[in-house]
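Scroll down for the structure; my scribbles are underneath it.
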Amino acid sequence: RDAKLAKSVEQAVYSFDLVAANDYVTACDMAHVPLEDSSVDVAVFCLSLMGTNLRDYLLEANRVLKNG
């Protein structure tokens, strides 16, 4: 929620949550993140996995992850 990962690494990190707690976080539904298909190397969906639509979140992670 406070984007500690984004603040701690040099690589580009996209942080999403239902509410943007700071400038590092984009408010959105985790089942529909504003990223292109196959655009990220790693997806970390931690607290979002507590949601009731877990299947949708995992499908969205699969959509944005690069193959391989």
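By convention in this document, the chains of the structure tokens carry letters A, B, ... by their order, each chain's residues are numbered from 1, and ligands are numbered from 1 in the order they are shown.
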Which residues, written as a list in words, have at least one atom at most 10 Å from A:Asn67, with only C-alpha atoms counted and residues fewer than 3 positions away on the same chain left out?
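Surrounding residues, per the criterion: Ser38, Ser39, Val40, Asp41, Asn62, Arg63 and Val64 of chain A.
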Since we have the selection now, will you write its residues out, keeping C-alpha atoms, as a short mmCIF file (atom, residue, chain, number, x, y, z; two decimals), in the first residue's frame?
data_model
loop_
_atom_site.label_atom_id
_atom_site.label_comp_id
_atom_site.auth_asym_id
_atom_site.auth_seq_id
_atom_site.Cartn_x
_atom_site.Cartn_y
_atom_site.Cartn_z
CA SER A 38 2.92 -9.11 -21.93
CA SER A 39 4.53 -5.95 -20.57
CA VAL A 40 6.11 -6.96 -17.24
CA ASP A 41 8.78 -9.43 -16.13
CA ASN A 62 -1.06 -13.77 -16.47
CA ARG A 63 -2.20 -11.21 -19.06
CA VAL A 64 0.46 -8.64 -18.20
#
Extract the full set of strand (DSSP E or B) residues from chain A according to DSSP on the backbone, and format it as a ChimeraX atom specification.
/A:15-17,25-27,40,65
N, CA and C atoms of the current selection, written as a compact mmCIF listing (two decimals), in the first residue's frame:
# COMPACT_ATOMS: atom_id res chain seq x y z
N SER A 15 2.82 0.14 -8.95
CA SER A 15 2.08 -0.22 -7.74
C SER A 15 0.61 0.18 -7.92
N PHE A 16 -0.27 -0.79 -7.67
CA PHE A 16 -1.70 -0.56 -7.83
C PHE A 16 -2.43 -0.94 -6.55
N ASP A 17 -3.49 -0.21 -6.25
CA ASP A 17 -4.33 -0.51 -5.09
C ASP A 17 -5.69 0.14 -5.34
N VAL A 25 1.58 5.00 -6.08
CA VAL A 25 0.49 4.04 -6.21
C VAL A 25 -0.59 4.58 -7.16
N THR A 26 -1.06 3.71 -8.06
CA THR A 26 -2.15 4.04 -8.96
C THR A 26 -3.41 3.33 -8.49
N ALA A 27 -4.49 4.06 -8.33
CA ALA A 27 -5.76 3.47 -7.89
C ALA A 27 -6.40 2.74 -9.07
N VAL A 40 5.30 -6.95 -18.47
CA VAL A 40 6.11 -6.96 -17.24
C VAL A 40 6.83 -8.29 -17.07
N LEU A 65 2.04 -10.46 -17.74
CA LEU A 65 3.37 -11.06 -17.69
C LEU A 65 3.86 -11.44 -19.08
Taking the backbone alone, and naming residues the way the document does, which bits of chain A are helix (DSSP H, G or I) by DSSP, as a ChimeraX atom specification?
/A:4-8,47-50,54-64
Kindly export the residues of the current selection with C-alpha atoms, as a JSON list (two decimals), in the first residue's frame.
[["chain", "number", "residue", "atom", "x", "y", "z"],
["A", 4, "LYS", "CA", 8.07, 0.16, -0.46],
["A", 5, "LEU", "CA", 9.20, -2.09, -3.32],
["A", 6, "ALA", "CA", 8.98, 0.79, -5.81],
["A", 7, "LYS", "CA", 11.08, 2.94, -3.52],
["A", 8, "SER", "CA", 13.74, 0.26, -2.92],
["A", 47, "LEU", "CA", -2.50, -8.10, -0.41],
["A", 48, "SER", "CA", -4.77, -8.18, -3.45],
["A", 49, "LEU", "CA", -4.95, -11.96, -3.06],
["A", 50, "MET", "CA", -7.19, -11.36, -0.06],
["A", 54, "LEU", "CA", -8.84, -14.10, -6.76],
["A", 55, "ARG", "CA", -9.32, -15.88, -10.10],
["A", 56, "ASP", "CA", -9.71, -12.55, -11.92],
["A", 57, "TYR", "CA", -6.54, -11.20, -10.29],
["A", 58, "LEU", "CA", -4.51, -14.22, -11.34],
["A", 59, "LEU", "CA", -5.85, -14.01, -14.90],
["A", 60, "GLU", "CA", -4.83, -10.34, -14.97],
["A", 61, "ALA", "CA", -1.32, -11.17, -13.72],
["A", 62, "ASN", "CA", -1.06, -13.77, -16.47],
["A", 63, "ARG", "CA", -2.20, -11.21, -19.06],
["A", 64, "VAL", "CA", 0.46, -8.64, -18.20]]
Report as an NGL selection string all protein, DNA and RNA residues lying within 8 Å of A:Leu18, evaluated on only C-alpha atoms, omitting residues in the same chain fewer than 5 positions from it.
:A and (27-30)
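The space between atom CA of A:Ala20 and atom CA of A:Val42 spans 21.0 Å.
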What separation in Å, quoted to one decimal, exists between atom CA of A:Asp37 and atom CA of A:Ala3?
22.4 Å
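Here atom CA of A:Cys46 is placed at a distance of 20.3 Å from atom CA of A:Glu10.
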